[in-house]
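*Asks:* Structure: target.cif, mmCIF, C-alpha atoms.
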data_my_file
#
loop_
_atom_site.group_PDB
_atom_site.id
_atom_site.type_symbol
_atom_site.label_atom_id
_atom_site.label_comp_id
_atom_site.auth_asym_id
_atom_site.auth_seq_id
_atom_site.Cartn_x
_atom_site.Cartn_y
_atom_site.Cartn_z
ATOM 1 C CA MET A 267 257.729 95.683 -19.999
ATOM 2 C CA ASP A 268 258.125 96.616 -23.593
ATOM 3 C CA PHE A 269 255.075 96.268 -25.747
ATOM 4 C CA LYS A 270 256.228 98.707 -28.359
ATOM 5 C CA GLY A 271 257.096 96.116 -30.958
ATOM 6 C CA PHE A 272 253.477 95.809 -31.899
ATOM 7 C CA ASP A 273 252.825 99.215 -33.286
ATOM 8 C CA HIS A 274 256.341 100.159 -34.198
ATOM 9 C CA PRO A 275 255.962 101.890 -37.563
ATOM 10 C CA ASP A 276 258.937 100.377 -39.336
ATOM 11 C CA ARG A 277 258.413 96.863 -38.097
ATOM 12 C CA GLN A 278 258.162 94.501 -41.036
ATOM 13 C CA PRO A 279 255.084 92.339 -41.003
ATOM 14 C CA ASP A 280 255.989 88.681 -40.643
ATOM 15 C CA GLY A 281 256.525 87.423 -44.149
ATOM 16 C CA GLY A 282 254.879 84.057 -43.747
ATOM 17 C CA THR A 283 257.801 82.232 -42.128
ATOM 18 C CA ARG A 284 257.440 78.459 -42.067
ATOM 19 C CA SER A 285 259.322 75.633 -40.407
ATOM 20 C CA VAL A 286 260.555 72.173 -41.290
ATOM 21 C CA LYS A 287 261.841 69.572 -38.852
ATOM 22 C CA VAL A 288 264.460 66.868 -38.930
ATOM 23 C CA MET A 289 264.849 64.276 -36.185
ATOM 24 C CA ILE A 290 268.247 63.198 -34.905
ATOM 25 C CA ALA A 291 267.870 59.663 -33.579
ATOM 26 C CA GLY A 292 270.222 56.956 -32.370
ATOM 27 C CA GLY A 293 271.073 55.088 -29.224
ATOM 28 C CA PHE A 294 272.184 56.573 -25.944
ATOM 29 C CA GLY A 295 275.567 58.313 -26.177
ATOM 30 C CA THR A 296 275.845 58.257 -29.968
ATOM 31 C CA GLY A 297 276.316 62.034 -30.206
ATOM 32 C CA LYS A 298 272.807 63.358 -30.926
ATOM 33 C CA THR A 299 273.112 66.379 -28.661
ATOM 34 C CA THR A 300 276.668 67.019 -29.888
ATOM 35 C CA MET A 301 275.454 67.115 -33.473
ATOM 36 C CA VAL A 302 272.538 69.422 -32.658
ATOM 37 C CA ARG A 303 274.929 71.712 -30.803
ATOM 38 C CA SER A 304 277.556 71.865 -33.532
ATOM 39 C CA VAL A 305 275.198 72.663 -36.396
ATOM 40 C CA SER A 306 272.602 74.872 -34.665
ATOM 41 C CA ASP A 307 272.485 78.650 -35.091
ATOM 42 C CA ILE A 308 271.276 79.016 -31.515
ATOM 43 C CA ARG A 309 272.527 77.547 -28.288
ATOM 44 C CA PRO A 310 270.602 74.277 -28.095
ATOM 45 C CA LEU A 311 267.535 74.359 -25.874
ATOM 46 C CA THR A 312 265.599 71.640 -24.165
ATOM 47 C CA THR A 313 261.860 71.173 -24.218
ATOM 48 C CA GLU A 314 259.989 68.663 -22.133
ATOM 49 C CA GLU A 315 256.891 66.587 -22.225
ATOM 50 C CA THR A 316 255.303 64.967 -19.229
ATOM 51 C CA LEU A 317 254.133 61.559 -20.280
ATOM 52 C CA THR A 318 251.780 59.355 -18.404
ATOM 53 C CA GLN A 319 252.350 55.683 -18.841
ATOM 54 C CA ALA A 320 251.069 52.597 -17.171
ATOM 55 C CA SER A 321 253.639 51.070 -14.839
ATOM 56 C CA ALA A 322 255.715 48.332 -16.345
ATOM 57 C CA GLY A 323 254.156 44.927 -16.296
ATOM 58 C CA VAL A 324 250.562 45.892 -15.774
ATOM 59 C CA ASP A 325 247.839 44.650 -18.052
ATOM 60 C CA HIS A 326 246.435 46.919 -20.701
ATOM 61 C CA LEU A 327 243.212 47.456 -18.840
ATOM 62 C CA ILE A 328 241.124 50.471 -19.577
ATOM 63 C CA GLY A 329 241.030 52.762 -16.598
ATOM 64 C CA VAL A 330 244.093 51.261 -14.977
ATOM 65 C CA THR A 331 245.045 53.594 -12.165
ATOM 66 C CA ASP A 332 248.629 52.552 -11.577
ATOM 67 C CA LYS A 333 250.282 55.145 -13.774
ATOM 68 C CA GLN A 334 253.638 56.861 -13.737
ATOM 69 C CA GLU A 335 254.533 60.356 -14.803
ATOM 70 C CA THR A 336 257.715 60.455 -16.849
ATOM 71 C CA THR A 337 259.421 63.563 -18.077
ATOM 72 C CA VAL A 338 261.029 63.162 -21.466
ATOM 73 C CA SER A 339 263.390 65.816 -22.778
ATOM 74 C CA LEU A 340 264.128 66.802 -26.347
ATOM 75 C CA ASP A 341 267.256 68.797 -27.103
ATOM 76 C CA PHE A 342 266.793 70.950 -30.131
ATOM 77 C CA GLY A 343 268.454 73.561 -32.260
ATOM 78 C CA LYS A 344 267.568 75.569 -35.317
ATOM 79 C CA ILE A 345 269.110 76.628 -38.589
ATOM 80 C CA GLY A 346 267.916 79.615 -40.584
ATOM 81 C CA ILE A 347 267.519 78.281 -44.129
ATOM 82 C CA ASN A 348 266.511 81.652 -45.566
ATOM 83 C CA ASP A 349 264.422 84.589 -44.395
ATOM 84 C CA ARG A 350 261.194 82.614 -44.581
ATOM 85 C CA LEU A 351 262.181 79.076 -43.705
ATOM 86 C CA VAL A 352 263.587 77.683 -40.445
ATOM 87 C CA LEU A 353 264.881 74.150 -39.937
ATOM 88 C CA TYR A 354 264.442 72.677 -36.448
ATOM 89 C CA LEU A 355 266.574 69.755 -35.363
ATOM 90 C CA PHE A 356 265.295 67.565 -32.563
ATOM 91 C CA GLY A 357 267.494 65.091 -30.760
ATOM 92 C CA THR A 358 265.249 62.221 -29.725
ATOM 93 C CA PRO A 359 265.213 60.902 -26.170
ATOM 94 C CA GLY A 360 267.839 58.203 -25.650
ATOM 95 C CA GLN A 361 265.250 55.692 -24.533
ATOM 96 C CA GLU A 362 263.413 54.648 -27.655
ATOM 97 C CA ARG A 363 260.463 53.307 -25.697
ATOM 98 C CA PHE A 364 259.406 56.914 -25.129
ATOM 99 C CA TRP A 365 259.213 57.710 -28.805
ATOM 100 C CA PHE A 366 255.813 56.255 -29.319
ATOM 101 C CA LEU A 367 254.520 57.783 -26.101
ATOM 102 C CA TRP A 368 255.338 61.237 -27.384
ATOM 103 C CA ASN A 369 252.484 61.334 -29.788
ATOM 104 C CA GLY A 370 253.432 62.422 -33.285
ATOM 105 C CA LEU A 371 257.083 63.043 -32.493
ATOM 106 C CA PHE A 372 258.144 61.957 -35.978
ATOM 107 C CA LYS A 373 254.999 63.015 -37.788
ATOM 108 C CA GLY A 374 255.603 65.857 -40.211
ATOM 109 C CA ALA A 375 259.385 65.476 -40.076
ATOM 110 C CA LEU A 376 261.197 65.704 -43.400
ATOM 111 C CA GLY A 377 263.206 62.716 -42.273
ATOM 112 C CA ALA A 378 265.696 61.537 -39.698
ATOM 113 C CA VAL A 379 269.397 61.040 -39.169
ATOM 114 C CA VAL A 380 270.181 57.867 -37.221
ATOM 115 C CA LEU A 381 273.517 58.203 -35.455
ATOM 116 C CA VAL A 382 275.594 55.100 -34.954
ATOM 117 C CA ASP A 383 278.604 54.651 -32.691
ATOM 118 C CA THR A 384 280.636 52.063 -34.591
ATOM 119 C CA ARG A 385 282.069 50.763 -31.302
ATOM 120 C CA ARG A 386 278.552 49.931 -30.114
ATOM 121 C CA LEU A 387 276.460 49.137 -33.157
ATOM 122 C CA ALA A 388 273.763 47.469 -31.101
ATOM 123 C CA SER A 389 272.851 50.712 -29.365
ATOM 124 C CA SER A 390 271.261 51.981 -32.567
ATOM 125 C CA PHE A 391 269.330 48.848 -33.584
ATOM 126 C CA ARG A 392 266.136 50.088 -31.989
ATOM 127 C CA ALA A 393 266.413 53.483 -33.667
ATOM 128 C CA VAL A 394 266.743 51.910 -37.118
ATOM 129 C CA GLU A 395 263.815 49.587 -36.434
ATOM 130 C CA GLU A 396 261.677 52.427 -35.210
ATOM 131 C CA MET A 397 262.338 54.563 -38.319
ATOM 132 C CA GLU A 398 261.318 51.669 -40.528
ATOM 133 C CA ARG A 399 258.238 50.920 -38.440
ATOM 134 C CA GLN A 400 257.138 54.578 -38.527
ATOM 135 C CA ASN A 401 258.022 54.855 -42.221
ATOM 136 C CA VAL A 402 260.353 57.813 -41.637
ATOM 137 C CA PRO A 403 262.989 58.211 -44.378
ATOM 138 C CA PHE A 404 266.471 58.320 -42.882
ATOM 139 C CA VAL A 405 270.195 58.260 -43.444
ATOM 140 C CA ILE A 406 272.701 56.470 -41.230
ATOM 141 C CA ALA A 407 275.512 58.661 -39.901
ATOM 142 C CA LEU A 408 278.492 56.877 -38.404
ATOM 143 C CA ASN A 409 279.833 59.150 -35.710
ATOM 144 C CA VAL A 410 283.584 58.596 -35.895
ATOM 145 C CA PHE A 411 284.921 58.687 -32.357
ATOM 146 C CA PRO A 412 288.689 59.091 -31.928
ATOM 147 C CA ASP A 413 289.132 55.491 -30.810
ATOM 148 C CA SER A 414 286.732 54.001 -33.359
ATOM 149 C CA GLU A 415 288.212 51.224 -35.424
ATOM 150 C CA GLU A 416 287.965 51.422 -39.173
ATOM 151 C CA HIS A 417 284.642 49.973 -40.191
ATOM 152 C CA PRO A 418 283.905 49.534 -43.836
ATOM 153 C CA VAL A 419 280.540 51.073 -44.576
ATOM 154 C CA GLU A 420 279.234 47.910 -46.224
ATOM 155 C CA GLU A 421 280.121 45.835 -43.184
ATOM 156 C CA ILE A 422 278.103 48.154 -40.979
ATOM 157 C CA ARG A 423 275.232 48.193 -43.449
ATOM 158 C CA ASP A 424 275.106 44.412 -43.213
ATOM 159 C CA ALA A 425 275.439 44.366 -39.445
ATOM 160 C CA LEU A 426 272.565 46.823 -38.993
ATOM 161 C CA ASP A 427 270.570 45.367 -41.892
ATOM 162 C CA ILE A 428 270.263 48.721 -43.653
ATOM 163 C CA PRO A 429 268.488 48.629 -47.022
ATOM 164 C CA ALA A 430 270.677 49.304 -50.064
ATOM 165 C CA HIS A 431 268.887 52.556 -50.939
ATOM 166 C CA THR A 432 269.534 54.112 -47.515
ATOM 167 C CA PRO A 433 272.739 56.196 -47.491
ATOM 168 C CA VAL A 434 275.397 55.441 -44.872
ATOM 169 C CA VAL A 435 277.891 58.250 -44.251
ATOM 170 C CA ALA A 436 280.730 58.735 -41.786
ATOM 171 C CA PHE A 437 281.091 62.054 -39.944
ATOM 172 C CA ASP A 438 282.300 63.831 -36.825
ATOM 173 C CA ALA A 439 279.394 65.140 -34.728
ATOM 174 C CA ARG A 440 281.630 67.774 -33.128
ATOM 175 C CA ASP A 441 282.331 69.402 -36.464
ATOM 176 C CA ARG A 442 279.850 71.903 -37.893
ATOM 177 C CA ALA A 443 280.668 71.350 -41.567
ATOM 178 C CA SER A 444 280.680 67.592 -41.098
ATOM 179 C CA SER A 445 277.283 67.665 -39.352
ATOM 180 C CA ARG A 446 275.906 69.949 -42.042
ATOM 181 C CA ASP A 447 277.068 67.476 -44.697
ATOM 182 C CA VAL A 448 275.021 64.751 -42.999
ATOM 183 C CA LEU A 449 271.926 66.954 -43.236
ATOM 184 C CA ILE A 450 272.718 67.595 -46.889
ATOM 185 C CA ALA A 451 272.988 63.827 -47.441
ATOM 186 C CA LEU A 452 269.547 63.401 -45.857
ATOM 187 C CA ILE A 453 267.882 66.078 -48.014
ATOM 188 C CA GLN A 454 269.587 64.703 -51.122
ATOM 189 C CA HIS A 455 268.267 61.254 -50.203
ATOM 190 C CA LEU A 456 264.751 62.674 -49.831
ATOM 191 C CA LYS A 457 265.054 64.276 -53.255
ATOM 192 C CA ASP A 458 266.247 61.039 -54.817
ATOM 193 C CA ARG A 459 263.345 59.073 -53.467
ATOM 194 C CA THR A 460 260.625 58.779 -56.010
ATOM 195 C CA ALA A 461 257.222 57.164 -56.298
ATOM 196 C CA PRO A 462 254.220 58.059 -54.187
ATOM 197 C CA SER A 463 254.537 54.877 -52.131
ATOM 198 C CA LEU A 464 257.449 56.390 -50.243
ATOM 199 C CA GLU A 465 255.641 59.366 -48.781
ATOM 200 C CA LEU A 466 255.518 59.973 -45.043
ATOM 201 C CA ARG A 467 252.405 58.791 -43.347
ATOM 202 C CA MET B 458 266.612 63.630 8.254
ATOM 203 C CA SER B 459 262.994 64.080 7.288
ATOM 204 C CA GLY B 460 260.925 66.402 9.390
ATOM 205 C CA PRO B 461 257.160 66.494 9.529
ATOM 206 C CA ARG B 462 255.563 65.973 6.163
ATOM 207 C CA ARG B 463 254.716 69.206 4.440
ATOM 208 C CA PRO B 464 252.601 69.567 1.376
ATOM 209 C CA THR B 465 255.453 70.011 -1.079
ATOM 210 C CA ASP B 466 255.067 69.818 -4.794
ATOM 211 C CA PRO B 467 258.475 69.245 -6.319
ATOM 212 C CA SER B 468 257.098 68.213 -9.704
ATOM 213 C CA GLY B 469 255.275 71.490 -10.229
ATOM 214 C CA LEU B 470 252.040 69.623 -10.903
ATOM 215 C CA GLU B 471 250.105 71.953 -8.636
ATOM 216 C CA ARG B 472 251.370 74.947 -10.556
ATOM 217 C CA TYR B 473 250.361 73.345 -13.848
ATOM 218 C CA TYR B 474 246.925 72.574 -12.451
ATOM 219 C CA VAL B 475 246.448 76.251 -11.628
ATOM 220 C CA LEU B 476 247.842 77.407 -14.979
ATOM 221 C CA THR B 477 245.514 75.260 -16.997
ATOM 222 C CA GLY B 478 242.488 75.410 -14.726
ATOM 223 C CA GLY B 479 242.833 71.678 -14.237
ATOM 224 C CA ARG B 480 242.658 70.795 -17.909
ATOM 225 C CA SER B 481 245.035 67.964 -18.593
ATOM 226 C CA GLY B 482 245.331 67.819 -22.343
ATOM 227 C CA PRO B 483 244.885 70.099 -25.264
ATOM 228 C CA GLY B 484 241.513 70.035 -26.874
ATOM 229 C CA GLY B 485 240.120 71.756 -29.903
ATOM 230 C CA SER B 486 242.455 73.720 -32.087
ATOM 231 C CA ALA B 487 245.692 72.888 -30.226
ATOM 232 C CA SER B 488 245.430 69.120 -30.396
ATOM 233 C CA GLY B 489 247.436 69.095 -33.620
ATOM 234 C CA LEU B 490 250.304 71.211 -32.320
ATOM 235 C CA ASP B 491 253.774 69.974 -33.118
ATOM 236 C CA VAL B 492 257.019 70.880 -31.362
ATOM 237 C CA ALA B 493 258.061 72.592 -34.601
ATOM 238 C CA THR B 494 254.744 74.431 -35.113
ATOM 239 C CA LEU B 495 255.392 78.166 -35.361
ATOM 240 C CA ILE B 496 253.304 80.455 -33.172
ATOM 241 C CA ILE B 497 252.805 84.071 -34.234
ATOM 242 C CA SER B 498 251.006 86.715 -32.149
ATOM 243 C CA ARG B 499 247.993 88.249 -33.781
ATOM 244 C CA ALA B 500 247.060 90.549 -30.877
ATOM 245 C CA ALA B 501 248.884 92.733 -28.388
ATOM 246 C CA PRO B 502 249.063 91.553 -24.789
ATOM 247 C CA ALA B 503 245.955 93.051 -23.200
ATOM 248 C CA PRO B 504 245.391 93.889 -19.540
ATOM 249 C CA GLY B 505 243.637 91.172 -17.633
ATOM 250 C CA LEU B 506 245.217 88.308 -19.519
ATOM 251 C CA GLN B 507 246.717 85.431 -17.588
ATOM 252 C CA HIS B 508 250.434 86.089 -17.110
ATOM 253 C CA GLU B 509 251.527 83.114 -19.224
ATOM 254 C CA HIS B 510 249.187 84.084 -22.050
ATOM 255 C CA GLU B 511 250.671 87.557 -21.993
ATOM 256 C CA GLU B 512 254.208 86.143 -22.071
ATOM 257 C CA ILE B 513 253.386 84.005 -25.104
ATOM 258 C CA LEU B 514 251.981 87.010 -26.976
ATOM 259 C CA ARG B 515 255.091 89.010 -26.172
ATOM 260 C CA LEU B 516 257.525 86.257 -27.176
ATOM 261 C CA CYS B 517 255.728 85.417 -30.409
ATOM 262 C CA ARG B 518 255.810 88.813 -32.083
ATOM 263 C CA ASP B 519 258.307 87.065 -34.297
ATOM 264 C CA PRO B 520 257.469 83.449 -35.137
ATOM 265 C CA LEU B 521 258.652 81.047 -32.449
ATOM 266 C CA SER B 522 258.282 77.283 -32.347
ATOM 267 C CA VAL B 523 256.286 75.536 -29.648
ATOM 268 C CA ALA B 524 259.547 73.880 -28.541
ATOM 269 C CA GLU B 525 261.270 77.239 -28.090
ATOM 270 C CA LEU B 526 258.296 78.605 -26.190
ATOM 271 C CA GLY B 527 258.363 75.577 -23.897
ATOM 272 C CA ALA B 528 262.062 76.040 -23.233
ATOM 273 C CA LEU B 529 261.770 79.798 -22.645
ATOM 274 C CA LEU B 530 258.724 79.547 -20.374
ATOM 275 C CA GLY B 531 259.896 76.389 -18.605
ATOM 276 C CA LEU B 532 256.637 74.605 -19.386
ATOM 277 C CA PRO B 533 256.182 71.041 -20.606
ATOM 278 C CA PHE B 534 254.642 70.576 -24.021
ATOM 279 C CA ASN B 535 251.244 69.335 -22.860
ATOM 280 C CA ILE B 536 250.728 72.264 -20.478
ATOM 281 C CA LEU B 537 251.860 74.783 -23.063
ATOM 282 C CA ALA B 538 249.493 73.207 -25.582
ATOM 283 C CA VAL B 539 246.549 73.953 -23.278
ATOM 284 C CA LEU B 540 247.587 77.607 -22.966
ATOM 285 C CA LEU B 541 248.102 77.886 -26.723
ATOM 286 C CA SER B 542 244.724 76.356 -27.363
ATOM 287 C CA ASP B 543 243.123 79.211 -25.365
ATOM 288 C CA LEU B 544 244.976 81.797 -27.431
ATOM 289 C CA LEU B 545 244.202 80.034 -30.713
ATOM 290 C CA ASP B 546 240.519 79.777 -29.883
ATOM 291 C CA ALA B 547 240.473 83.494 -29.057
ATOM 292 C CA GLY B 548 242.258 84.312 -32.336
ATOM 293 C CA ARG B 549 245.150 85.929 -30.470
ATOM 294 C CA VAL B 550 247.804 83.751 -32.081
ATOM 295 C CA GLU B 551 248.243 81.975 -35.369
ATOM 296 C CA ALA B 552 249.786 78.491 -35.614
ATOM 297 C CA ARG B 553 251.692 77.229 -38.653
ATOM 298 C CA ASP B 554 252.505 73.551 -38.776
ATOM 299 C CA PRO B 555 255.881 72.368 -40.070
ATOM 300 C CA LEU B 556 255.924 71.730 -43.802
ATOM 301 C CA PRO B 557 256.085 68.013 -44.650
ATOM 302 C CA ALA B 558 258.451 66.618 -47.283
ATOM 303 C CA SER B 559 255.471 65.417 -49.260
ATOM 304 C CA ALA B 560 251.785 66.096 -49.037
ATOM 305 C CA ALA B 561 249.378 63.172 -48.984
ATOM 306 C CA GLY B 562 248.724 61.914 -52.493
ATOM 307 C CA ARG B 563 251.050 64.443 -54.049
ATOM 308 C CA GLY B 564 254.561 63.002 -53.891
ATOM 309 C CA PRO B 565 257.655 64.808 -52.646
ATOM 310 C CA ASP B 566 257.741 68.608 -52.475
ATOM 311 C CA LEU B 567 260.883 69.032 -54.552
ATOM 312 C CA ALA B 568 260.845 72.825 -54.402
ATOM 313 C CA LEU B 569 260.871 72.726 -50.609
ATOM 314 C CA LEU B 570 263.675 70.153 -50.500
ATOM 315 C CA GLU B 571 265.686 72.216 -52.970
ATOM 316 C CA GLU B 572 265.198 75.291 -50.793
ATOM 317 C CA VAL B 573 266.419 73.456 -47.676
ATOM 318 C CA LEU B 574 269.347 72.021 -49.596
ATOM 319 C CA SER B 575 270.598 75.360 -50.870
ATOM 320 C CA GLY B 576 270.189 76.891 -47.412
ATOM 321 C CA LEU B 577 272.327 74.136 -45.897
ATOM 322 C CA GLN B 578 274.943 74.486 -48.609
ATOM 323 C CA ARG B 579 275.345 78.161 -47.714
ATOM 324 C CA LEU B 580 276.139 77.370 -44.068
#
Now, as a test, write the supplied structure out as structure tokens.
*Replies:*
Amino acid sequence: MDFKGFDHPDRQPDGGTRSVKVMIAGGFGTGKTTMVRSVSDIRPLTTEETLTQASAGVDHLIGVTDKQETTVSLDFGKIGINDRLVLYLFGTPGQERFWFLWNGLFKGALGAVVLVDTRRLASSFRAVEEMERQNVPFVIALNVFPDSEEHPVEEIRDALDIPAHTPVVAFDARDRASSRDVLIALIQHLKDRTAPSLELR
Amino acid sequence: MSGPRRPTDPSGLERYYVLTGGRSGPGGSASGLDVATLIISRAAPAPGLQHEHEEILRLCRDPLSVAELGALLGLPFNILAVLLSDLLDAGRVEARDPLPASAAGRGPDLALLEEVLSGLQRL
């Protein structure tokens, strides 16, 4: 094993690197993992959490013993912003009911991108609701699949009941530049937001 | 198809029990760990350390997120958090939480957002 790195004379001390995180949300099959893969500097990795939840249908009794272990996976990637800042992208689990079980999953995130497959708008309803409930600022990214019909942005905004101040952009999750532009739209949106009432909880 | 029942442990729960000494959740300093928290070694791997502790110290010579550590070590977040809590309590690693877009009571951190924006534009 190589332990030399520690006392190597010309090793630069870590210059106070910090991280920021952005969540990629959306219904099952909307392209979350594809987006993480196309924009990440590293091959996307998967991290897991073992969650314990009461079996469906049982009462919320304290000390209930009928519990299930569920493994929830997060695909993630990272982007080097500069030599002291790293952006982590986390693709949320497809089943939104796990989001609140993974304690603090959205806490501390700069914001979120909610992916929408315009052929199946309903699959992203829950994601939009959840962002609003958790007070996470977000942009809507319409993942344009080859056989998607043309959908005017305003029509989709109405259908998903997206507030006027929330940007809706169309993109191709397989394309690096296109995915990067969605992240830029999110950060720009965060910059444009004003007033202390909009801060993350 | 099924032979006599053997004490198998396909979920790895037994292994996790051994790794953590039976502790099921992070306590103390690790309870606030985030998947994007950066872990940085502050001590060299010393003889006598638990193998996983040693691995973490080796991997985190350069800052590595909790998520990356979990993926590299093949450990779920909650188990890793217990191991990290040991190292944090012993001062062997440092943890840096992800920077939020705005600090409580202080409005958006425009300098941070600007930094992220220009980094993305250079991609």
*Asks:* When distances are computed from all atoms listed in the file, which of A:Gly282, A:Pro418, A:Gly370, A:Pro433 shows the smallest separation from Ala493 in chain B?
*Replies:*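 Result for the nearest residue to Ala493 in chain B: A:Gly370.
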*Asks:* Could you write out as a ChimeraX atom specification the residues that the PyMOL selection byres ((chain A and resi 302) around 8) matches in the shown file?
*Replies:* /A:290,298-301,303-306,310,341-343,355-357
*Asks:* I'd like to see the residues matched by the PyMOL selection byres ((chain B) within 8 of (chain A)) on this file, and ideally I'd get them as a short mmCIF file (atom, residue, chain, number, x, y, z; two decimals) with C-alpha atoms, in the coordinates of the input.
*Replies:*
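Written output follows (result_15.cif):
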data_model
loop_
_atom_site.label_atom_id
_atom_site.label_comp_id
_atom_site.auth_asym_id
_atom_site.auth_seq_id
_atom_site.Cartn_x
_atom_site.Cartn_y
_atom_site.Cartn_z
CA ASP B 491 253.77 69.97 -33.12
CA VAL B 492 257.02 70.88 -31.36
CA ALA B 493 258.06 72.59 -34.60
CA THR B 494 254.74 74.43 -35.11
CA LEU B 495 255.39 78.17 -35.36
CA ALA B 501 248.88 92.73 -28.39
CA PRO B 502 249.06 91.55 -24.79
CA ARG B 515 255.09 89.01 -26.17
CA ARG B 518 255.81 88.81 -32.08
CA ASP B 519 258.31 87.06 -34.30
CA PRO B 520 257.47 83.45 -35.14
CA ALA B 524 259.55 73.88 -28.54
CA GLU B 525 261.27 77.24 -28.09
CA GLY B 527 258.36 75.58 -23.90
CA ALA B 528 262.06 76.04 -23.23
CA GLY B 531 259.90 76.39 -18.60
CA LEU B 532 256.64 74.60 -19.39
CA PRO B 533 256.18 71.04 -20.61
CA PHE B 534 254.64 70.58 -24.02
CA ASN B 535 251.24 69.33 -22.86
CA ARG B 553 251.69 77.23 -38.65
CA ASP B 554 252.50 73.55 -38.78
CA PRO B 555 255.88 72.37 -40.07
CA LEU B 556 255.92 71.73 -43.80
CA PRO B 557 256.08 68.01 -44.65
CA ALA B 558 258.45 66.62 -47.28
CA SER B 559 255.47 65.42 -49.26
CA ALA B 560 251.78 66.10 -49.04
CA ALA B 561 249.38 63.17 -48.98
CA GLY B 562 248.72 61.91 -52.49
CA ARG B 563 251.05 64.44 -54.05
CA GLY B 564 254.56 63.00 -53.89
CA PRO B 565 257.65 64.81 -52.65
CA LEU B 567 260.88 69.03 -54.55
CA LEU B 570 263.68 70.15 -50.50
CA GLU B 571 265.69 72.22 -52.97
CA GLU B 572 265.20 75.29 -50.79
CA VAL B 573 266.42 73.46 -47.68
CA LEU B 574 269.35 72.02 -49.60
CA SER B 575 270.60 75.36 -50.87
CA GLY B 576 270.19 76.89 -47.41
CA LEU B 577 272.33 74.14 -45.90
CA GLN B 578 274.94 74.49 -48.61
CA LEU B 580 276.14 77.37 -44.07
#
*Asks:* Take CA of Tyr473 in chain B and CA of Arg309 in chain A and report the distance between them in Å, one decimal.
*Replies:*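 Between these atoms lies a distance of 26.8 Å.
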*Asks:* Would you mind reading off the distance between CA of Ser445 in chain A and CA of Val379 in chain A, one decimal, in Å?
*Replies:*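 We find that CA of Ser445 in chain A and CA of Val379 in chain A lie 10.3 Å from each other.
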*Asks:* When you count all atoms listed in the file, which of these residues is closest to Ile406 in chain A: A:Thr432, A:Thr384, A:Thr358, A:Ser389?
*Replies:*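 Of the candidates, the smallest distance to Ile406 in chain A is held by A:Thr432.
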*Asks:* Using all atoms listed in the file, list the residues that have an atom at most 10 Å from (248.4, 77.1, -22.8), coordinates as in the file, as a list of chain:residue names.
*Replies:*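 Here the neighbourhood of the point contains B:Tyr473, B:Leu476, B:Thr477, B:Arg480, B:Gly482, B:Pro483, B:Ala487, B:Gln507, B:Glu509, B:His510, B:Ile513, B:Leu532, B:Phe534, B:Asn535, B:Ile536, B:Leu537, B:Ala538, B:Val539, B:Leu540, B:Leu541, B:Ser542, B:Asp543, B:Leu544, B:Leu545.
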*Asks:* Please measure the separation of CA of Arg440 in chain A and CA of Arg385 in chain A, giving the value in Å to one decimal.
*Replies:*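 So the two atoms, CA of Arg440 in chain A and CA of Arg385 in chain A, lie 17.1 Å apart.
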*Asks:* Residues proximal to (278.5, 60.1, -39.1) were defined as those with any atom within 9 Å of that point in the file's coordinates, counting all atoms listed in the file. Which are they, as a PyMOL selection string?
*Replies:* chain A and resi 380-383+406-410+434-439+444-445+448
